[in-house]
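Below is the file work_35.txt, which contains compact mmCIF, C-alpha atoms.
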# COMPACT_ATOMS: atom_id res chain seq x y z
CA MET G 1 123.10 80.08 66.92
CA SER G 2 124.73 80.94 70.24
CA ALA G 3 124.25 78.91 73.38
CA SER G 4 123.26 80.48 76.67
CA PHE G 5 123.23 79.23 80.24
CA GLU G 6 120.73 79.72 83.00
CA PRO G 7 122.10 80.82 86.39
CA ILE G 8 120.89 77.57 88.01
CA ILE G 9 123.56 75.29 89.47
CA GLY G 10 122.80 71.68 90.36
CA ARG G 11 124.71 69.31 92.63
CA TYR G 12 124.25 65.86 94.13
CA MET G 13 124.20 65.68 97.90
CA HIS G 14 124.76 62.50 99.88
CA LEU G 15 122.93 62.32 103.15
CA ASP G 16 121.31 59.80 105.44
CA LEU G 17 117.54 59.90 105.64
CA PHE G 18 115.50 57.53 107.78
CA GLY G 19 118.71 55.60 108.54
CA ARG G 20 119.54 54.96 104.89
CA ALA G 21 122.01 56.49 102.47
CA HIS G 22 120.46 58.77 99.85
CA ARG G 23 121.73 60.64 96.81
CA VAL G 24 119.71 63.82 96.50
CA TYR G 25 119.82 66.33 93.67
CA VAL G 26 119.79 69.98 94.73
CA GLU G 27 119.52 73.04 92.50
CA GLU G 28 119.97 76.64 93.43
CA ALA G 29 120.30 80.15 92.10
CA GLY G 30 120.73 83.59 93.62
CA SER G 31 121.96 84.82 96.97
CA GLY G 32 120.46 86.26 100.11
CA THR G 33 117.61 84.97 102.23
CA PRO G 34 117.26 81.21 101.65
CA LEU G 35 114.02 80.27 99.89
CA LEU G 36 113.49 76.53 100.00
CA CYS G 37 111.10 75.20 97.35
CA LEU G 38 109.09 71.96 97.55
CA HIS G 39 107.78 70.39 94.36
CA THR G 40 104.42 68.67 93.84
CA ALA G 41 103.67 64.93 93.91
CA GLY G 42 105.20 62.91 91.10
CA ALA G 43 107.28 65.84 89.84
CA ASP G 44 110.63 67.46 90.71
CA GLY G 45 112.44 70.70 91.43
CA ARG G 46 112.40 71.87 87.82
CA GLN G 47 108.95 73.25 88.59
CA TYR G 48 110.75 76.20 90.20
CA ARG G 49 112.83 77.11 87.12
CA GLY G 50 110.81 80.33 86.75
CA LEU G 51 111.78 81.59 90.20
CA MET G 52 115.42 80.60 89.78
CA ASN G 53 115.65 82.42 86.47
CA ASP G 54 114.02 85.65 87.63
CA PRO G 55 116.44 88.31 88.94
CA ARG G 56 113.60 89.94 90.87
CA VAL G 57 113.66 86.84 93.07
CA THR G 58 117.33 85.84 92.95
CA ARG G 59 118.89 89.20 93.73
CA ARG G 60 117.64 88.95 97.31
CA HIS G 61 117.05 85.23 97.70
CA ARG G 62 119.07 82.06 97.49
CA VAL G 63 116.44 79.89 95.79
CA ILE G 64 116.93 76.19 96.48
CA ALA G 65 114.95 73.20 95.25
CA PHE G 66 115.77 69.57 95.90
CA ASP G 67 114.28 66.59 94.17
CA MET G 68 112.79 64.32 96.81
CA PRO G 69 114.24 60.79 96.86
CA TRP G 70 112.65 58.76 94.03
CA HIS G 71 111.97 61.99 92.08
CA GLY G 72 113.74 63.83 89.28
CA LYS G 73 117.50 63.24 89.42
CA SER G 74 117.45 61.97 93.02
CA SER G 75 117.74 58.22 93.33
CA PRO G 76 115.56 55.93 95.34
CA PRO G 77 117.53 54.28 98.14
CA SER G 78 119.31 51.00 97.54
CA GLY G 79 116.77 48.19 97.75
CA TRP G 80 114.01 50.19 96.04
CA HIS G 81 113.28 47.41 93.58
CA ASP G 82 111.69 45.26 96.28
CA GLU G 83 109.72 48.03 97.98
CA GLU G 84 106.52 49.94 97.49
CA TYR G 85 107.18 53.67 97.77
CA GLN G 86 104.83 55.44 100.19
CA LEU G 87 105.44 58.93 101.50
CA THR G 88 104.37 59.68 105.08
CA SER G 89 104.08 62.97 106.96
CA VAL G 90 106.86 61.98 109.34
CA GLN G 91 109.26 61.03 106.55
CA TYR G 92 108.45 64.15 104.59
CA MET G 93 109.07 66.50 107.52
CA THR G 94 112.23 64.65 108.53
CA MET G 95 113.58 64.95 104.99
CA ILE G 96 112.95 68.70 104.73
CA LEU G 97 114.53 69.43 108.11
CA ALA G 98 117.52 67.22 107.22
CA VAL G 99 118.08 69.10 103.96
CA ILE G 100 117.88 72.45 105.78
CA ASP G 101 120.43 71.17 108.28
CA ALA G 102 122.73 69.70 105.62
CA LEU G 103 122.74 72.94 103.62
CA ASP G 104 123.14 74.96 106.83
CA LEU G 105 120.18 77.20 105.97
CA ASP G 106 119.32 79.81 108.57
CA ARG G 107 115.54 79.89 108.98
CA PRO G 108 114.66 79.75 105.30
CA ILE G 109 111.42 80.92 103.78
CA LEU G 110 109.60 77.73 102.81
CA ILE G 111 107.46 77.53 99.69
CA GLY G 112 105.69 74.31 98.83
CA CYS G 113 103.04 73.37 96.30
CA SER G 114 100.31 70.74 96.61
CA ILE G 115 101.88 67.97 98.72
CA GLY G 116 104.55 70.60 99.38
CA GLY G 117 101.82 73.00 100.46
CA ARG G 118 100.32 70.37 102.73
CA ILE G 119 103.63 69.55 104.43
CA ALA G 120 104.20 73.30 104.76
CA LEU G 121 101.10 73.35 106.98
CA HIS G 122 102.49 70.43 109.00
CA LEU G 123 105.78 72.32 109.42
CA ALA G 124 103.96 75.53 110.34
CA LEU G 125 102.35 73.53 113.12
CA GLU G 126 105.29 71.40 114.29
CA HIS G 127 108.41 73.48 113.50
CA PRO G 128 107.47 77.16 113.13
CA GLU G 129 110.76 78.27 114.68
CA SER G 130 112.70 76.72 111.79
CA PHE G 131 111.26 79.09 109.20
CA ARG G 132 111.22 82.84 108.55
CA ALA G 133 107.87 82.46 106.79
CA ILE G 134 105.89 79.74 105.10
CA ILE G 135 104.15 80.06 101.74
CA GLY G 136 101.67 77.32 100.89
CA LEU G 137 100.70 77.00 97.23
CA GLN G 138 97.55 74.99 96.57
CA ALA G 139 97.62 74.10 100.26
CA GLY G 140 94.56 72.35 101.63
CA ALA G 141 94.16 70.40 104.84
CA HIS G 142 92.84 67.28 103.09
CA VAL G 143 91.80 65.93 99.69
CA ASP G 144 89.40 63.02 99.26
CA PRO G 145 90.50 60.52 96.61
CA TYR G 146 88.46 61.12 93.47
CA TYR G 147 89.78 58.32 91.32
CA ASP G 148 91.16 54.85 91.90
CA LEU G 149 94.83 55.47 92.69
CA ASN G 150 95.70 51.93 91.62
CA PHE G 151 95.47 53.08 87.99
CA LEU G 152 98.68 55.02 88.59
CA HIS G 153 100.77 51.88 88.99
CA ARG G 154 99.76 48.78 87.09
CA PRO G 155 101.32 47.16 84.06
CA ASP G 156 98.37 47.65 81.70
CA VAL G 157 98.32 51.43 82.14
CA HIS G 158 101.40 53.47 81.22
CA GLY G 159 102.35 55.25 84.45
CA GLY G 160 103.85 58.35 82.86
CA GLU G 161 101.06 58.79 80.32
CA VAL G 162 98.31 58.42 82.90
CA ALA G 163 99.98 60.68 85.48
CA ALA G 164 100.34 63.48 82.92
CA ALA G 165 96.80 62.93 81.64
CA ILE G 166 95.29 62.95 85.12
CA VAL G 167 96.86 66.27 86.05
CA SER G 168 96.54 68.00 82.67
CA GLY G 169 93.20 69.57 83.59
CA LEU G 170 94.74 71.00 86.76
CA VAL G 171 96.73 73.44 84.64
CA GLY G 172 94.92 76.78 84.37
CA PRO G 173 93.49 77.97 81.04
CA ASP G 174 95.87 80.92 80.73
CA ALA G 175 99.08 78.87 80.98
CA PRO G 176 101.38 79.36 77.97
CA GLU G 177 101.38 76.13 75.94
CA ALA G 178 105.13 75.60 76.33
CA GLU G 179 105.01 75.94 80.12
CA LYS G 180 101.92 73.73 80.36
CA TRP G 181 103.52 70.89 78.45
CA GLU G 182 106.88 71.34 80.21
CA THR G 183 104.96 70.87 83.47
CA LEU G 184 103.17 67.77 82.18
CA TRP G 185 106.43 66.29 80.88
CA TYR G 186 107.76 66.14 84.43
CA TYR G 187 104.74 64.03 85.33
CA ALA G 188 105.27 61.81 82.32
CA GLN G 189 108.88 61.23 83.49
CA SER G 190 107.97 60.14 86.99
CA GLY G 191 109.22 56.69 88.07
CA PRO G 192 106.86 53.73 88.46
CA GLY G 193 104.53 54.16 91.44
CA VAL G 194 106.10 57.40 92.63
CA PHE G 195 103.10 59.67 92.00
CA LYS G 196 100.88 57.09 93.68
CA GLY G 197 103.26 56.86 96.65
CA ASP G 198 103.20 60.64 97.09
CA LEU G 199 99.42 60.65 96.98
CA TYR G 200 99.41 58.28 99.94
CA PHE G 201 100.59 61.30 101.92
CA TYR G 202 98.30 63.74 100.11
CA LYS G 203 95.06 61.79 100.34
CA ILE G 204 95.49 59.47 103.31
CA ASP G 205 98.35 59.95 105.77
CA GLY G 206 98.73 63.74 105.63
CA ASP G 207 95.20 64.78 106.66
CA ILE G 208 95.72 67.74 108.99
CA ARG G 209 92.13 68.98 109.33
CA ALA G 210 91.88 68.19 113.03
CA ARG G 211 94.93 70.27 113.99
CA ILE G 212 94.99 73.08 111.44
CA ALA G 213 93.57 75.68 113.86
CA GLU G 214 96.54 75.17 116.19
CA ILE G 215 98.93 76.84 113.71
CA ASP G 216 100.25 80.02 115.32
CA THR G 217 101.14 82.67 112.73
CA LYS G 218 102.79 84.79 115.43
CA ARG G 219 105.52 82.17 115.55
CA CYS G 220 105.79 81.93 111.78
CA PRO G 221 103.90 84.03 109.19
CA LEU G 222 101.78 81.94 106.82
CA PHE G 223 100.77 82.94 103.29
CA LEU G 224 98.45 80.86 101.10
CA LEU G 225 98.33 81.31 97.33
CA SER G 226 95.96 79.15 95.30
CA GLY G 227 95.01 78.99 91.64
CA GLU G 228 91.40 79.55 90.67
CA TYR G 229 91.28 76.51 88.37
CA ASP G 230 92.62 73.93 90.81
CA TYR G 231 89.97 71.28 91.40
CA SER G 232 92.32 69.12 93.48
CA CYS G 233 92.87 71.75 96.17
CA THR G 234 90.05 74.18 95.42
CA PRO G 235 90.07 77.88 96.28
CA GLU G 236 87.27 77.12 98.75
CA GLU G 237 89.51 74.63 100.55
CA THR G 238 92.36 77.12 100.75
CA LEU G 239 90.00 79.80 102.06
CA ALA G 240 88.69 77.33 104.64
CA VAL G 241 92.26 76.77 105.84
CA ALA G 242 92.81 80.53 106.00
CA ARG G 243 89.62 81.05 107.99
CA SER G 244 90.71 78.55 110.61
CA ILE G 245 94.20 80.04 111.05
CA PRO G 246 94.11 83.58 112.49
CA GLY G 247 96.73 85.84 110.92
CA SER G 248 97.18 83.78 107.75
CA GLU G 249 96.81 85.57 104.42
CA ALA G 250 95.14 83.89 101.45
CA THR G 251 95.11 84.95 97.81
CA ILE G 252 93.18 83.25 95.00
CA MET G 253 95.11 83.63 91.75
CA LYS G 254 92.80 84.18 88.74
CA GLY G 255 93.27 81.92 85.76
CA LEU G 256 95.98 79.82 87.43
CA GLY G 257 95.76 76.13 88.26
CA HIS G 258 97.49 73.61 90.50
CA PHE G 259 101.09 74.30 89.37
CA PRO G 260 101.33 78.11 89.41
CA MET G 261 105.14 78.40 89.58
CA SER G 262 105.60 75.96 86.70
CA GLU G 263 102.55 76.36 84.44
CA ASN G 264 102.64 80.15 84.34
CA PRO G 265 105.69 81.63 86.10
CA GLY G 266 105.05 85.14 84.79
CA GLU G 267 101.57 85.40 86.24
CA PHE G 268 102.56 83.59 89.43
CA LEU G 269 105.37 86.02 90.17
CA LYS G 270 102.89 88.88 90.17
CA HIS G 271 101.41 87.25 93.26
CA LEU G 272 104.61 85.93 94.82
CA LEU G 273 106.80 89.04 94.62
CA PRO G 274 104.58 91.15 96.92
CA VAL G 275 104.59 88.28 99.43
CA LEU G 276 108.40 88.06 99.36
CA GLU G 277 108.53 91.84 99.70
CA LYS G 278 106.32 91.67 102.75
CA ILE G 279 108.36 88.88 104.34
CA GLY G 280 111.56 90.84 103.67
CA GLY G 281 110.02 93.96 105.19
CA GLN G 282 109.23 92.11 108.40
CA GLY G 283 112.99 91.87 108.93
CA SER G 284 112.75 88.79 111.10
CA MET H 1 76.21 68.10 68.13
CA ILE H 2 77.85 64.98 69.48
CA GLU H 3 77.69 63.52 65.95
CA ALA H 4 80.29 66.11 64.88
CA LEU H 5 82.82 64.26 67.00
CA ARG H 6 83.62 61.73 64.30
CA GLU H 7 84.81 64.27 61.80
CA ARG H 8 86.67 66.36 64.37
CA VAL H 9 88.57 63.43 65.88
CA ASN H 10 89.38 61.75 62.58
CA GLY H 11 90.62 65.06 61.21
CA ASP H 12 93.26 65.31 63.94
CA THR H 13 96.11 63.08 62.83
CA GLY H 14 97.98 63.50 66.12
CA LEU H 15 94.99 62.36 68.12
CA VAL H 16 94.35 59.39 65.85
CA ARG H 17 98.02 58.42 66.13
CA ARG H 18 97.87 58.54 69.92
CA GLY H 19 94.84 56.26 69.78
CA ARG H 20 96.32 53.73 67.39
CA TYR H 21 96.19 50.93 69.97
CA LEU H 22 92.66 51.84 71.03
CA SER H 23 89.64 49.96 69.70
CA THR H 24 86.49 50.04 71.80
CA THR H 25 82.92 51.28 72.04
CA PHE H 26 81.93 53.56 74.88
CA LEU H 27 78.66 55.16 75.94
CA LEU H 28 78.28 58.89 76.47
CA GLU H 29 75.09 59.86 78.28
CA ILE H 30 74.12 63.50 78.65
CA GLY H 31 70.86 64.04 80.47
CA ASN H 32 68.28 61.74 78.91
CA THR H 33 70.20 61.17 75.67
CA ALA H 34 72.92 58.61 75.03
CA TRP H 35 75.37 57.97 72.24
CA LEU H 36 77.43 54.90 71.47
CA ILE H 37 80.82 55.91 70.14
CA ALA H 38 82.78 53.20 68.31
CA ILE H 39 86.54 53.59 67.91
CA HIS H 40 88.86 51.45 65.81
CA GLU H 41 92.63 52.05 66.06
CA GLY H 42 92.10 55.64 67.10
CA ARG H 43 89.55 56.51 64.40
CA LEU H 44 85.89 57.06 65.24
CA MET H 45 83.92 54.61 63.16
CA SER H 46 80.43 55.64 64.28
CA VAL H 47 78.56 57.90 66.66
CA THR H 48 75.08 56.46 67.19
CA LYS H 49 72.36 58.25 69.08
CA GLY H 50 70.03 56.25 71.38
CA PRO H 51 67.68 55.16 72.72
CA PHE H 52 69.14 51.66 72.64
CA VAL H 53 67.52 48.31 73.38
CA MET H 54 70.60 46.31 74.36
CA PRO H 55 73.66 48.56 74.11
CA SER H 56 77.11 47.00 74.55
CA TRP H 57 79.98 49.19 75.68
CA SER H 58 83.26 48.88 77.55
CA PHE H 59 82.71 51.91 79.75
CA ALA H 60 80.18 54.70 80.14
CA LEU H 61 80.43 58.39 80.96
CA ARG H 62 77.21 59.88 82.33
CA THR H 63 76.50 63.49 83.17
CA SER H 64 73.70 66.09 83.10
CA ASP H 65 72.79 68.57 80.35
CA GLU H 66 73.70 71.44 82.64
CA GLU H 67 77.15 70.10 83.48
CA TRP H 68 77.88 69.20 79.87
CA ASP H 69 76.99 72.72 78.74
CA LYS H 70 79.47 74.17 81.21
CA PHE H 71 82.15 71.65 80.18
CA SER H 72 81.56 72.56 76.53
CA ALA H 73 82.03 76.28 76.95
CA ARG H 74 84.96 77.81 75.10
CA ARG H 75 86.40 78.82 78.47
CA PRO H 76 84.75 76.51 80.98
CA PRO H 77 84.41 77.81 84.54
CA PRO H 78 86.64 76.34 87.28
CA GLY H 79 85.48 72.84 88.15
CA SER H 80 84.06 72.26 84.66
CA ASN H 81 87.20 72.45 82.53
CA ASP H 82 88.17 68.77 82.55
CA LEU H 83 86.59 65.31 82.77
CA MET H 84 88.51 64.67 86.01
CA ALA H 85 87.14 67.94 87.44
CA LEU H 86 83.62 66.69 86.80
CA ILE H 87 84.45 63.32 88.32
CA LYS H 88 85.92 65.06 91.38
CA ARG H 89 82.67 66.99 91.85
CA ARG H 90 80.69 63.76 91.42
CA VAL H 91 78.74 65.19 88.47
CA LEU H 92 80.26 62.83 85.89
CA LYS H 93 80.00 59.12 86.54
CA ALA H 94 82.55 56.86 84.90
CA GLU H 95 81.63 53.17 85.08
CA GLY H 96 82.43 49.86 83.44
CA ASP H 97 85.91 48.75 82.36
CA LEU H 98 87.78 51.89 83.31
CA GLN H 99 91.17 50.42 82.46
CA ILE H 100 90.43 51.33 78.83
CA PHE H 101 89.45 54.86 79.84
CA MET H 102 92.48 55.40 82.10
CA ALA H 103 95.04 53.80 79.78
CA ASN H 104 93.90 56.23 77.06
CA LEU H 105 92.93 59.12 79.29
CA ARG H 106 94.59 61.85 77.23
CA TYR H 107 92.90 60.51 74.09
CA PHE H 108 89.44 60.63 75.65
CA LYS H 109 90.01 64.05 77.21
CA ASP H 110 91.26 65.51 73.95
CA ALA H 111 88.53 63.85 71.89
CA LEU H 112 85.65 65.13 74.02
CA ALA H 113 87.22 68.58 74.30
CA LYS H 114 86.73 68.80 70.53
CA LEU H 115 83.03 69.34 71.18
CA ARG H 116 83.85 72.76 72.64
CA THR H 117 82.70 75.56 70.40
CA ARG H 118 83.55 79.20 70.06
CA ASP H 119 80.32 80.50 71.48
CA GLY H 120 79.87 78.19 74.41
CA ALA H 121 77.29 75.43 74.43
CA SER H 122 77.99 72.36 72.35
CA ALA H 123 74.77 70.76 71.31
Translate this file's structure into structure tokens.
Amino acid sequence: MSASFEPIIGRYMHLDLFGRAHRVYVEEAGSGTPLLCLHTAGADGRQYRGLMNDPRVTRRHRVIAFDMPWHGKSSPPSGWHDEEYQLTSVQYMTMILAVIDALDLDRPILIGCSIGGRIALHLALEHPESFRAIIGLQAGAHVDPYYDLNFLHRPDVHGGEVAAAIVSGLVGPDAPEAEKWETLWYYAQSGPGVFKGDLYFYKIDGDIRARIAEIDTKRCPLFLLSGEYDYSCTPEETLAVARSIPGSEATIMKGLGHFPMSENPGEFLKHLLPVLEKIGGQGS
Amino acid sequence: MIEALRERVNGDTGLVRRGRYLSTTFLLEIGNTAWLIAIHEGRLMSVTKGPFVMPSWSFALRTSDEEWDKFSARRPPPGSNDLMALIKRRVLKAEGDLQIFMANLRYFKDALAKLRTRDGASA
């Protein structure tokens, strides 16, 4: 049996975030227009393996995904053992802009899913000039909590098992089994309290309903792609966002769920490639 | 039929293994009918149909006939494909000692999904 390698290269980057030293894992593949990818809550950059391994994306794009601090192969900052992790909108935006700066990316295309889709809306509002275009996957303006988040981090419930079990139904019915369970494994690997800390942003701090209509797509094009089977950010919620932002383009992806790029990369790319084509054609 | 659950769960060795630290009795209520489902170390010991005079259970899941039919379809529609989807839409109520439910969430999801049939409705 012969071994083979994927074209993805990973490195550890040291940078200061929020006045503290961080060790952040960054993966990339391809060359061309930078395409910065934001993973979902309680997961990591491996969710974008499908994009990084597809020449139709990488021949014109430098695809980059970093694991947020506390996630994947990125460490929490020194002192983590005495803290409760809670992601805020301000921290999240600061982190993304710092990574863009550190990697010297020139107005990347931003693609973010779930919490990444939500912060993409925040960035479309606050920093449109920093991006060539923004693609929000499963991007809603707000999600009401629908279960007691404390179950995600307590000693009598296994954090990894419960995180994977909670999100399992968010995977669409057409996802190949291997990709579905690969996606759920990332959730099962999440550190104690990390998924819960991300959901602080998703369900409490990151509510952007009041300001969503102020997003100006003339300053930065906005595309919204959402899976039909997502009950966390429903198609209706994505369409509501699209209706309140003139010039935004929304697509509901049949059969897909909350993790389109990871649960079913083949189907997802059918929707993403035309969007990338369109962004490329705008020549901005 | 909900009663078929016992055989279907106990016939799945992987599911029984995942439930090996789970022993409890929970109540499943669909419309006006309820069942008490007793589990011992991952195996279903009994599925008992109500009505009950003084039922004891650790937690209860309550939904309507209409919602359960949609959940039980071979390919449920969006919003009906998962217990958490029903909870999100407020059409399934989970109550009682939910630590047992959440600590074994995959077990309960997989067990109840076994009531899905090829041609749609379950009962």
Spatial neighbours of Asp54 (chain G), 12 Å, only C-alpha atoms, chain gap at least 6 places, as a JSON list (two decimals) with C-alpha atoms, keeping the file's coordinate frame:
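Printed below is out08.json as written:
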[["chain", "number", "residue", "atom", "x", "y", "z"],
["G", 6, "GLU", "CA", 120.73, 79.72, 83.00],
["G", 7, "PRO", "CA", 122.10, 80.82, 86.39],
["G", 8, "ILE", "CA", 120.89, 77.57, 88.01],
["G", 29, "ALA", "CA", 120.30, 80.15, 92.10],
["G", 30, "GLY", "CA", 120.73, 83.59, 93.62],
["G", 48, "TYR", "CA", 110.75, 76.20, 90.20],
["G", 60, "ARG", "CA", 117.64, 88.95, 97.31],
["G", 61, "HIS", "CA", 117.05, 85.23, 97.70],
["G", 62, "ARG", "CA", 119.07, 82.06, 97.49],
["G", 63, "VAL", "CA", 116.44, 79.89, 95.79],
["G", 261, "MET", "CA", 105.14, 78.40, 89.58],
["G", 265, "PRO", "CA", 105.69, 81.63, 86.10],
["G", 266, "GLY", "CA", 105.05, 85.14, 84.79],
["G", 268, "PHE", "CA", 102.56, 83.59, 89.43],
["G", 269, "LEU", "CA", 105.37, 86.02, 90.17],
["G", 270, "LYS", "CA", 102.89, 88.88, 90.17],
["G", 272, "LEU", "CA", 104.61, 85.93, 94.82],
["G", 273, "LEU", "CA", 106.80, 89.04, 94.62]]
Taking 2 positions as the minimum chain separation for residues in the same chain, which residues sit within 10 Å of His258 (chain G) when counting only C-alpha atoms? Answer as a compact mmCIF listing (two decimals) with C-alpha atoms, in the frame of the given file.
# COMPACT_ATOMS: atom_id res chain seq x y z
CA THR G 40 104.42 68.67 93.84
CA CYS G 113 103.04 73.37 96.30
CA SER G 114 100.31 70.74 96.61
CA LEU G 137 100.70 77.00 97.23
CA GLN G 138 97.55 74.99 96.57
CA ALA G 139 97.62 74.10 100.26
CA VAL G 167 96.86 66.27 86.05
CA SER G 168 96.54 68.00 82.67
CA GLY G 169 93.20 69.57 83.59
CA LEU G 170 94.74 71.00 86.76
CA VAL G 171 96.73 73.44 84.64
CA GLY G 172 94.92 76.78 84.37
CA SER G 226 95.96 79.15 95.30
CA GLY G 227 95.01 78.99 91.64
CA GLU G 228 91.40 79.55 90.67
CA TYR G 229 91.28 76.51 88.37
CA ASP G 230 92.62 73.93 90.81
CA TYR G 231 89.97 71.28 91.40
CA SER G 232 92.32 69.12 93.48
CA CYS G 233 92.87 71.75 96.17
CA THR G 234 90.05 74.18 95.42
CA LEU G 256 95.98 79.82 87.43
CA PRO G 260 101.33 78.11 89.41
CA MET G 261 105.14 78.40 89.58
CA SER G 262 105.60 75.96 86.70
CA GLU G 263 102.55 76.36 84.44
Ala103 (chain H) surroundings by all atoms listed in the file, 7 Å radius, close-in-sequence under 2 positions cut, as a VMD selection string: (chain G and resid 157 to 158 162) or (chain H and resid 99 to 101 105)
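The space between CA of Arg75 (chain H) and CA of Ala188 (chain G) spans 25.7 Å.
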Which polymer residues, protein or nucleic acid, are no farther than 7 Å from (96.6, 80.9, 82.6), counting only C-alpha atoms, as a ChimeraX atom specification? /G:172-176,255-256,264
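Of the listed residues (G:Ala21, G:Met253, G:Ile279, G:Ala120), G:Ala120 comes nearest to Leu38 (chain G); the distances count all atoms listed in the file.
Among the candidates H:Arg106, H:Lys93, H:Lys114, H:Arg43, the residue lying nearest to Asn10 (chain H) is H:Arg43 (atoms considered: all atoms listed in the file).
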Could you work out which residues of chain H fall inside 10 Å of chain G? Count all atoms listed in the file, and format the result as a PyMOL selection string. chain H and resi 75-90+94+98-110
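With distances restricted to all atoms listed in the file, G:Ile119 is the closest residue to Asp205 (chain G) from G:Ala124, G:Ala242, G:Leu276, G:Ile119.
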N, CA, C and O atoms of region 233-244 of chain G from block above, as a short mmCIF file (atom, residue, chain, number, x, y, z; two decimals), in the first residue's frame:
data_model
loop_
_atom_site.label_atom_id
_atom_site.label_comp_id
_atom_site.auth_asym_id
_atom_site.auth_seq_id
_atom_site.Cartn_x
_atom_site.Cartn_y
_atom_site.Cartn_z
N CYS G 233 -29.52 27.33 12.58
CA CYS G 233 -29.78 28.53 11.77
C CYS G 233 -30.62 28.05 10.61
O CYS G 233 -30.11 27.45 9.67
N THR G 234 -31.91 28.28 10.67
CA THR G 234 -32.82 27.72 9.66
C THR G 234 -32.75 28.50 8.35
O THR G 234 -32.35 29.68 8.34
N PRO G 235 -33.15 27.87 7.26
CA PRO G 235 -33.23 28.60 5.99
C PRO G 235 -34.05 29.87 6.12
O PRO G 235 -33.69 30.90 5.55
N GLU G 236 -35.14 29.81 6.90
CA GLU G 236 -35.98 31.01 7.07
C GLU G 236 -35.19 32.15 7.69
O GLU G 236 -35.34 33.31 7.32
N GLU G 237 -34.31 31.79 8.66
CA GLU G 237 -33.52 32.85 9.31
C GLU G 237 -32.51 33.45 8.34
O GLU G 237 -32.26 34.66 8.34
N THR G 238 -31.90 32.60 7.52
CA THR G 238 -30.97 33.12 6.52
C THR G 238 -31.70 34.01 5.53
O THR G 238 -31.21 35.10 5.17
N LEU G 239 -32.87 33.58 5.09
CA LEU G 239 -33.64 34.38 4.12
C LEU G 239 -34.08 35.70 4.74
O LEU G 239 -34.13 36.73 4.06
N ALA G 240 -34.36 35.68 6.05
CA ALA G 240 -34.72 36.92 6.74
C ALA G 240 -33.54 37.89 6.74
O ALA G 240 -33.70 39.10 6.54
N VAL G 241 -32.34 37.36 6.96
CA VAL G 241 -31.14 38.20 6.91
C VAL G 241 -31.01 38.79 5.51
O VAL G 241 -30.78 40.00 5.34
N ALA G 242 -31.17 37.93 4.50
CA ALA G 242 -31.01 38.39 3.12
C ALA G 242 -32.02 39.48 2.77
O ALA G 242 -31.67 40.46 2.10
N ARG G 243 -33.25 39.31 3.25
CA ARG G 243 -34.28 40.31 2.96
C ARG G 243 -33.94 41.67 3.56
O ARG G 243 -34.27 42.71 3.02
N SER G 244 -33.26 41.65 4.71
CA SER G 244 -32.98 42.94 5.34
C SER G 244 -31.68 43.57 4.86
O SER G 244 -31.35 44.68 5.28
#
